[in-house]
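> Take this structure first; my questions come after.
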Amino acid sequence: MSSSACPSPTATPATSLHFELRCRECGKRTANAPRSFCEECFSPLEVVYDLDRVRRTFTPEQIAERPTNMWRYSELLPVPEGYKSTLPTGFTPLVSARKLGVKLGLNHLYVKNDAVCFPTLSFKDRVVSTAIATAKRFGLETIGCSSTGNLANAVAAQAAREGLKAWVFIPEDLESAKILGTRVYGANVVKIRGNYDQVNRLCSQIAEKLPWGFVNVNLRPYYAEGSKTVGYEIAEQLGWRLPDNVIVPMAGGSLIGKIQKAFAELCVLGVVEPKQVKFFGAQATGCSPISAAVKDGRETIQPQKPSTIVRSLAIGNPADGYYAIRGIRDSGGWAEDVSDAETIAGIRLLAETEGIFTETAGGVTTAVTRKLVEQGKIRSDETTVVCITGNGLKTLDALAGEEFDDVVIEPKLAAFEACLEEAAVELV
Amino acid sequence: MKVTVEIPSALRRFTDGAGRIECEGANLPGLLESLGTKHPAITQHLRDESGQVRRFINIYVNDEDVRFLGGDAYQFRDGDQVLIVPSIAGG
């Protein structure tokens with residue numbers, strides 16, 4: 001059995017809740033609190049669950065009766081039993097992508113389409129839903145984040161709905177749609193003269209001084225658990241089966257590990273048949289610290305200064321880079337990166353074949369999938385899922401230089417007929 | 001070289017509560033040695049068994065990640081400001 005698919009069951013938490021924090025390296029347990037790292041060895045904390053307690057109610061039959069959103073898996077999210085969210089986030093379509101599959105030479109290709117996630121059209125809605133539930137449980141009244149854009153949107157929107165104050169920190173050169181799509185919710189937006197990694201460092205310092213819940217700093221262990229719902233949904237939407245391959249965009253490197261964790265939990269609970277699932281990571285060449293490490297055979301991240309149009313993946317010093325490298329290798333997968341031009345081509349390919357308009361990160365994932373097929377790393381008869389994590393309407397700037405064959409004519413039938421003649425279109 | 005090291009809250013229990021500590025050192029290993037001499041209990045939390053800075057700790061010199069400056073080879077200058085930050089954030 002693959003270590004990536006089915007690790008040992010997690011230990012039983014010693015609290016009245018069915019989850020608690022545990023250090024990923026030294027294993028030391030920590031009571032639930034707004035903290036992200038082990039105070040002994042500074043390694044990351046993660047949420048572990050009492051899976052024996054979860055097992056009683058987490059069955060395909062019971063889940064099928066629940067609302068179609070990410071909270072149908074709430075036993076495996078860090079919320080108290082019986083938690084009710086009023087926000088129907090998640091359960092996005094798993095689209096059978098036959099036309100894209102033909103183009104790429106894949107017979108069983110699916111797109112997990114978080115470009116239509118509710119409420120702000122990216123997978124970050126999932127993690128923020130989880131973080132906000134946690135912030136409220138801890139009695140925090142102000143939440144914040146460092147963001148490359150999508151997270152900013154999600155934090156601002158959900159904070160507005162929940163009546164929390166929001167402070168969002170972003171690099172000053174983010175796409176205008178992502179900035180506007182944050183301000184509109186009334187959040188405090190702070191633009192930083194620097195790249196994301198500098199924004200992130202500043203937020204770590206602020207989180208030490210203020211009693212705020214930074215979703216991806218001191219609430220990060222809980223926040224990141226929301227990403228697992230992508231994995232539960234893929235399995236359920238495939239009929240409670242695991243795919244052969246999953247291709248995941250990588251920024252901080254967390255998503256890939258959380259989908260793996262989701263699959264592993266489903267295996268341990270007996271909800272799916274265990275199998276080897278290969279995980280493939282996708283990055284932009286202009287910011288590719290994780291894919292470079294995988295390709296070089298390194299275990300450590302060498303940080304990079306991002307230079308790419310793919311701003312949502314532009315994290316040069318990824319917090320979960322080490323775990324992403326390990327998860328990819330252990331699964332038998334690989335990582336690749338693509339140029340900005342290939343990214344644009346990927347956006348257009350997905351739009352023209354499947355009618356899905358993704359942001360630049362999705363262009364990366366699509367283009368990397370093409371590359372992996374060309375390299376023979378993904379076979380045509382395997383079931384492959386491509387994770388599309390954001391919406392193209394947020395990164396229109398990236399397509400500004402593209403040429404499309406628009407025509408402008410007078411409002412006359414003759415003008416349109418001339419137009420058709422010029423385009424050599426046959427009328428049926 | 002005299003260098004100021006800012007200690008994150010989580011480690012101040014090993015520095016008698018001090019948040020800023022004046023240390024000396026020509027390079028990063030020397031600086032950590034100096035810090036460890038002043039506050040021995042902090043060493044095991046900053047360095048692993050092989051003496052390397054722990055994987056999930058980032059060290060900045062004058063706001064720049066020390067890895068961009070050459071890592072252990074970087075030669076400190078008088079007045080440099082060093083910041084120790086847990087790396088588990090972001091994304």
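Chain labels A, B, ... are given in the sequence in which chains occur in the structure tokens; within each chain residues are numbered consecutively from 1, and ligands are likewise numbered from 1 in the order shown.
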Give me the residues within 6 Å of Gly226 (chain A) as a list in words, counting only C-alpha atoms and dropping any in the same chain fewer than 3 places off.
Arg126, Val127, Thr130, Tyr223 and Thr229 of chain A
> Those residues you just picked out, can you put them in a file as a JSON list (two decimals), in the first residue's frame with N, CA and C atoms?

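Heads up, here's the output in part24.json:
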[["chain", "number", "residue", "atom", "x", "y", "z"],
["A", 126, "ARG", "N", -12.72, 27.43, 0.47],
["A", 126, "ARG", "CA", -12.79, 26.27, 1.35],
["A", 126, "ARG", "C", -11.97, 26.50, 2.63],
["A", 127, "VAL", "N", -10.73, 26.93, 2.43],
["A", 127, "VAL", "CA", -9.85, 27.08, 3.60],
["A", 127, "VAL", "C", -10.30, 28.23, 4.49],
["A", 130, "THR", "N", -13.14, 27.22, 6.75],
["A", 130, "THR", "CA", -12.65, 26.45, 7.90],
["A", 130, "THR", "C", -11.97, 27.38, 8.91],
["A", 223, "TYR", "N", -7.03, 26.15, 8.99],
["A", 223, "TYR", "CA", -7.30, 26.67, 7.64],
["A", 223, "TYR", "C", -6.96, 25.64, 6.58],
["A", 229, "THR", "N", -11.15, 19.01, 1.50],
["A", 229, "THR", "CA", -12.47, 18.75, 0.92],
["A", 229, "THR", "C", -12.39, 18.57, -0.60]]
> Sorted by chain and rising residue number, list the residues of chain A at most 10 Å from chain B (counting only C-alpha atoms), each with its closest atom pair and distance in Å to one decimal, as a Markdown table.

| residue | atom | partner | partner_atom | distance |
| --- | --- | --- | --- | --- |
| A:Arg35 | CA | B:Ile88 | CA | 9.9 |
| A:Ser36 | CA | B:Ile88 | CA | 6.5 |
| A:Phe37 | CA | B:Ile88 | CA | 6.6 |
| A:Cys38 | CA | B:Ala10 | CA | 9.2 |
| A:Glu39 | CA | B:Ala10 | CA | 6.2 |
| A:Glu40 | CA | B:His45 | CA | 6.0 |
| A:Cys41 | CA | B:His45 | CA | 5.3 |
| A:Phe42 | CA | B:Phe56 | CA | 6.1 |
| A:Ser43 | CA | B:Phe56 | CA | 5.5 |
| A:Pro44 | CA | B:Ile88 | CA | 6.0 |
| A:Leu45 | CA | B:Ile88 | CA | 8.8 |
| A:Lys124 | CA | B:Gly91 | CA | 9.8 |
| A:Cys145 | CA | B:Gly90 | CA | 8.0 |
| A:Ser146 | CA | B:Gly90 | CA | 6.4 |
| A:Ser147 | CA | B:Gly91 | CA | 7.4 |
| A:Thr148 | CA | B:Gly91 | CA | 8.3 |
| A:Leu151 | CA | B:Gly91 | CA | 8.7 |
| A:Tyr196 | CA | B:Gly90 | CA | 8.8 |
| A:Asp197 | CA | B:Gly90 | CA | 8.2 |
| A:Gln198 | CA | B:Asp63 | CA | 8.3 |
| A:Val199 | CA | B:Gly90 | CA | 9.1 |
| A:Asn200 | CA | B:Gly90 | CA | 5.9 |
| A:Arg201 | CA | B:Val85 | CA | 7.4 |
| A:Leu202 | CA | B:Val85 | CA | 9.8 |
| A:Cys203 | CA | B:Ala89 | CA | 8.6 |
| A:Ser204 | CA | B:Ala89 | CA | 7.0 |
| A:Gln205 | CA | B:Val85 | CA | 7.9 |
| A:Glu208 | CA | B:Ser9 | CA | 6.8 |
| A:Lys209 | CA | B:Ser9 | CA | 8.9 |
| A:Phe214 | CA | B:Ala89 | CA | 9.3 |
| A:Val215 | CA | B:Gly90 | CA | 8.7 |
| A:Asn216 | CA | B:Gly90 | CA | 5.0 |
| A:Val217 | CA | B:Ala89 | CA | 4.6 |
| A:Asn218 | CA | B:Ala89 | CA | 7.8 |
| A:Leu219 | CA | B:Ala89 | CA | 9.3 |
| A:Arg220 | CA | B:Ala89 | CA | 7.0 |
| A:Pro221 | CA | B:Ile88 | CA | 9.4 |
| A:Ala224 | CA | B:Gly91 | CA | 9.1 |
| A:Met250 | CA | B:Gly91 | CA | 9.0 |
| A:Ala251 | CA | B:Gly91 | CA | 6.1 |
| A:Gly252 | CA | B:Gly91 | CA | 4.1 |
| A:Gly253 | CA | B:Gly91 | CA | 7.3 |
| A:Ser254 | CA | B:Gly91 | CA | 7.1 |
| A:Leu255 | CA | B:Gly91 | CA | 9.1 |
| A:Thr300 | CA | B:Arg55 | CA | 8.4 |
| A:Ile301 | CA | B:Arg55 | CA | 9.6 |
| A:Gln302 | CA | B:Arg67 | CA | 7.8 |
| A:Pro303 | CA | B:Arg67 | CA | 7.5 |
| A:Gln304 | CA | B:Phe68 | CA | 8.4 |
| A:Lys305 | CA | B:Phe68 | CA | 9.1 |
| A:Ser312 | CA | B:Gly91 | CA | 9.2 |
| A:Leu313 | CA | B:Gly91 | CA | 8.6 |
| A:Ala314 | CA | B:Gly91 | CA | 9.6 |
| A:Ile315 | CA | B:Gly91 | CA | 7.5 |
| A:Asn317 | CA | B:Ser87 | CA | 8.6 |
| A:Pro318 | CA | B:Gly91 | CA | 7.1 |
| A:Ala319 | CA | B:Ile88 | CA | 5.2 |
| A:Asp320 | CA | B:Ile88 | CA | 7.6 |
| A:Tyr322 | CA | B:Arg55 | CA | 8.7 |
> Those selected residues, please, written with C-alpha atoms and delivered as a PDB file, in the first residue's frame.

ATOM      1  CA  ARG A  35      -0.780  28.624  16.636  1.00  0.00           C
ATOM      2  CA  SER A  36       0.926  27.116  13.627  1.00  0.00           C
ATOM      3  CA  PHE A  37       4.235  25.739  14.817  1.00  0.00           C
ATOM      4  CA  CYS A  38       5.607  23.500  17.519  1.00  0.00           C
ATOM      5  CA  GLU A  39       7.206  25.505  20.277  1.00  0.00           C
ATOM      6  CA  GLU A  40       9.830  22.801  20.780  1.00  0.00           C
ATOM      7  CA  CYS A  41      11.190  22.314  17.271  1.00  0.00           C
ATOM      8  CA  PHE A  42       9.434  25.054  15.245  1.00  0.00           C
ATOM      9  CA  SER A  43       8.007  22.459  12.857  1.00  0.00           C
ATOM     10  CA  PRO A  44       4.451  22.727  11.567  1.00  0.00           C
ATOM     11  CA  LEU A  45       1.449  21.669  13.597  1.00  0.00           C
ATOM     12  CA  LYS A 124      -9.497  29.474  -1.116  1.00  0.00           C
ATOM     13  CA  CYS A 145      -4.110  37.137   5.759  1.00  0.00           C
ATOM     14  CA  SER A 146      -1.150  37.524   3.488  1.00  0.00           C
ATOM     15  CA  SER A 147      -2.387  36.873   0.009  1.00  0.00           C
ATOM     16  CA  THR A 148      -1.561  36.594  -3.670  1.00  0.00           C
ATOM     17  CA  LEU A 151      -7.242  34.354  -0.444  1.00  0.00           C
ATOM     18  CA  TYR A 196       4.514  37.803  -1.434  1.00  0.00           C
ATOM     19  CA  ASP A 197       7.269  36.323   0.702  1.00  0.00           C
ATOM     20  CA  GLN A 198       7.952  39.742   2.174  1.00  0.00           C
ATOM     21  CA  VAL A 199       4.248  40.252   2.815  1.00  0.00           C
ATOM     22  CA  ASN A 200       4.151  36.892   4.503  1.00  0.00           C
ATOM     23  CA  ARG A 201       7.088  37.654   6.776  1.00  0.00           C
ATOM     24  CA  LEU A 202       5.458  40.914   7.820  1.00  0.00           C
ATOM     25  CA  CYS A 203       2.210  39.111   8.642  1.00  0.00           C
ATOM     26  CA  SER A 204       4.108  36.626  10.809  1.00  0.00           C
ATOM     27  CA  GLN A 205       5.512  39.581  12.758  1.00  0.00           C
ATOM     28  CA  GLU A 208       2.913  37.939  17.112  1.00  0.00           C
ATOM     29  CA  LYS A 209       1.836  41.376  18.308  1.00  0.00           C
ATOM     30  CA  PHE A 214      -4.323  35.393  10.510  1.00  0.00           C
ATOM     31  CA  VAL A 215      -5.870  32.585   8.545  1.00  0.00           C
ATOM     32  CA  ASN A 216      -2.606  31.444   6.972  1.00  0.00           C
ATOM     33  CA  VAL A 217      -0.324  32.244   9.904  1.00  0.00           C
ATOM     34  CA  ASN A 218      -1.614  31.447  13.392  1.00  0.00           C
ATOM     35  CA  LEU A 219      -4.800  29.706  12.167  1.00  0.00           C
ATOM     36  CA  ARG A 220      -2.938  27.844   9.439  1.00  0.00           C
ATOM     37  CA  PRO A 221      -3.269  24.265  10.770  1.00  0.00           C
ATOM     38  CA  ALA A 224      -5.291  24.154   5.637  1.00  0.00           C
ATOM     39  CA  MET A 250       1.630  24.573  -6.148  1.00  0.00           C
ATOM     40  CA  ALA A 251       2.178  27.919  -4.450  1.00  0.00           C
ATOM     41  CA  GLY A 252       2.806  27.318  -0.744  1.00  0.00           C
ATOM     42  CA  GLY A 253       2.704  23.582  -1.490  1.00  0.00           C
ATOM     43  CA  SER A 254      -0.062  22.769   0.979  1.00  0.00           C
ATOM     44  CA  LEU A 255      -2.881  21.624  -1.325  1.00  0.00           C
ATOM     45  CA  THR A 300      15.267  21.147   0.468  1.00  0.00           C
ATOM     46  CA  ILE A 301      13.795  24.256  -1.048  1.00  0.00           C
ATOM     47  CA  GLN A 302      16.070  26.901  -2.502  1.00  0.00           C
ATOM     48  CA  PRO A 303      13.959  30.060  -2.334  1.00  0.00           C
ATOM     49  CA  GLN A 304      13.433  32.068  -5.501  1.00  0.00           C
ATOM     50  CA  LYS A 305      12.501  35.651  -6.347  1.00  0.00           C
ATOM     51  CA  SER A 312      -1.362  33.389  -7.504  1.00  0.00           C
ATOM     52  CA  LEU A 313       1.463  30.824  -7.514  1.00  0.00           C
ATOM     53  CA  ALA A 314       4.252  33.353  -6.950  1.00  0.00           C
ATOM     54  CA  ILE A 315       5.544  32.130  -3.611  1.00  0.00           C
ATOM     55  CA  ASN A 317       9.699  30.409  -0.235  1.00  0.00           C
ATOM     56  CA  PRO A 318       6.832  27.917   0.106  1.00  0.00           C
ATOM     57  CA  ALA A 319       6.001  26.948   3.692  1.00  0.00           C
ATOM     58  CA  ASP A 320       4.966  23.417   2.720  1.00  0.00           C
ATOM     59  CA  TYR A 322       9.391  20.270   1.871  1.00  0.00           C
TER      60      TYR A 322
END
> For Arg379 (chain A), find every residue with an atom within 12 Å (counting only C-alpha atoms), except residues of its own chain fewer than 3 positions away, and show them as a list in words.
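Close residues of Arg379 (chain A): Gly101, Leu104, Gly105, Leu106, Asn107, His108, Leu109, Asp244, Asn245, Lys278, Thr369, Arg370, Leu372, Val373, Glu374, Gln375, Gly376, Glu382, Thr383 and Thr384 of chain A.
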> Compile the contact shell of Gly19 (chain B) as a list of chain:residue names: residues with an atom at most 7 Å away, counting only C-alpha atoms, same-chain residues fewer than 3 positions apart removed.
B:Glu6, B:Ile7, B:Pro8, B:Arg12
> Selection from above, C-alpha atoms, as an mmCIF file, in the first residue's frame, can you write it?

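Heads up, here's the output in out30.cif:
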data_model
loop_
_atom_site.group_PDB
_atom_site.id
_atom_site.type_symbol
_atom_site.label_atom_id
_atom_site.label_comp_id
_atom_site.auth_asym_id
_atom_site.auth_seq_id
_atom_site.Cartn_x
_atom_site.Cartn_y
_atom_site.Cartn_z
ATOM 1 C CA GLU B 6 15.286 39.750 17.178
ATOM 2 C CA ILE B 7 13.815 36.769 18.984
ATOM 3 C CA PRO B 8 10.254 35.601 18.198
ATOM 4 C CA ARG B 12 11.669 34.306 24.537
#
> So which residues of chain B fall under strand (DSSP E or B) by DSSP, listed as a count of residues only?
25
> Just the residues within 8 Å of region 84-90 of chain A, please, counting only C-alpha atoms, with nothing from its chain fewer than 5 positions along; format it as a count of residues only.
14
> Please identify which residues in region 16-75 of chain B DSSP calls helix (DSSP H, G or I) from the backbone, and express them as a list of chain:residue names.
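The helix (DSSP H, G or I) residues within region 16-75 of chain B come out as B:Leu28, B:Pro29, B:Gly30, B:Leu31, B:Leu32, B:Glu33, B:Ser34, B:Leu35, B:Gly36, B:Thr37, B:Lys38, B:Pro40, B:Ala41, B:Ile42, B:Thr43, B:Gln44, B:His45, B:Leu46, B:Val66, B:Arg67, B:Phe68, B:Leu69, B:Gly71, B:Asp72, B:Ala73.
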> Write to file, as a PDB file, in the first residue's frame, the residues of the selection just made, with C-alpha atoms.

ATOM      1  CA  LEU B  28      25.656  32.814  10.722  1.00  0.00           C
ATOM      2  CA  PRO B  29      27.201  29.811  12.503  1.00  0.00           C
ATOM      3  CA  GLY B  30      29.285  32.215  14.582  1.00  0.00           C
ATOM      4  CA  LEU B  31      26.291  34.341  15.398  1.00  0.00           C
ATOM      5  CA  LEU B  32      24.230  31.358  16.557  1.00  0.00           C
ATOM      6  CA  GLU B  33      27.200  30.237  18.654  1.00  0.00           C
ATOM      7  CA  SER B  34      27.272  33.660  20.286  1.00  0.00           C
ATOM      8  CA  LEU B  35      23.532  33.565  20.920  1.00  0.00           C
ATOM      9  CA  GLY B  36      23.853  30.063  22.375  1.00  0.00           C
ATOM     10  CA  THR B  37      26.608  31.188  24.716  1.00  0.00           C
ATOM     11  CA  LYS B  38      24.405  33.945  26.104  1.00  0.00           C
ATOM     12  CA  PRO B  40      22.236  28.057  26.108  1.00  0.00           C
ATOM     13  CA  ALA B  41      18.648  26.783  26.259  1.00  0.00           C
ATOM     14  CA  ILE B  42      17.773  28.350  22.921  1.00  0.00           C
ATOM     15  CA  THR B  43      20.285  26.381  20.877  1.00  0.00           C
ATOM     16  CA  GLN B  44      18.405  23.085  20.619  1.00  0.00           C
ATOM     17  CA  HIS B  45      15.324  24.928  19.423  1.00  0.00           C
ATOM     18  CA  LEU B  46      17.158  26.727  16.646  1.00  0.00           C
ATOM     19  CA  VAL B  66      19.967  34.964   4.449  1.00  0.00           C
ATOM     20  CA  ARG B  67      19.831  32.251   1.769  1.00  0.00           C
ATOM     21  CA  PHE B  68      19.787  34.988  -0.889  1.00  0.00           C
ATOM     22  CA  LEU B  69      22.903  36.491   0.718  1.00  0.00           C
ATOM     23  CA  GLY B  71      23.650  31.558   3.752  1.00  0.00           C
ATOM     24  CA  ASP B  72      26.402  30.501   6.134  1.00  0.00           C
ATOM     25  CA  ALA B  73      28.979  32.261   3.954  1.00  0.00           C
TER      26      ALA B  73
END
> So which residues touch region 77-81 of chain B within 8 Å, counting only C-alpha atoms, skipping near sequence neighbours fewer than 5 positions away, as a VMD selection string?
chain B and resid 1 to 6 26 61 to 63
> Selected residues, N, CA and C atoms, written as a compact mmCIF listing (two decimals), in the first residue's frame, please.

# COMPACT_ATOMS: atom_id res chain seq x y z
N MET B 1 31.85 41.19 14.77
CA MET B 1 30.82 42.14 14.34
C MET B 1 29.65 42.14 15.33
N LYS B 2 29.18 43.32 15.66
CA LYS B 2 28.04 43.41 16.58
C LYS B 2 26.74 43.37 15.75
N VAL B 3 25.91 42.43 16.10
CA VAL B 3 24.68 42.20 15.35
C VAL B 3 23.51 42.11 16.34
N THR B 4 22.38 42.72 15.96
CA THR B 4 21.20 42.62 16.81
C THR B 4 20.30 41.49 16.31
N VAL B 5 19.92 40.61 17.22
CA VAL B 5 19.05 39.48 16.84
C VAL B 5 17.69 39.68 17.49
N GLU B 6 16.66 39.66 16.65
CA GLU B 6 15.29 39.75 17.18
C GLU B 6 14.75 38.34 17.39
N ALA B 26 31.05 36.49 12.94
CA ALA B 26 31.47 36.87 11.60
C ALA B 26 30.47 36.37 10.56
N VAL B 61 18.44 38.83 7.26
CA VAL B 61 19.44 39.83 7.62
C VAL B 61 19.03 41.13 6.94
N ASN B 62 18.78 42.13 7.73
CA ASN B 62 18.31 43.42 7.20
C ASN B 62 17.15 43.20 6.21
N ASP B 63 16.22 42.40 6.62
CA ASP B 63 14.99 42.11 5.87
C ASP B 63 15.18 41.20 4.66
> So, with only C-alpha atoms as the atoms that count, which of A:Ala292, A:Leu349, A:Ala97, A:Val385 lies closest to Val277 (chain A)?
A:Val385
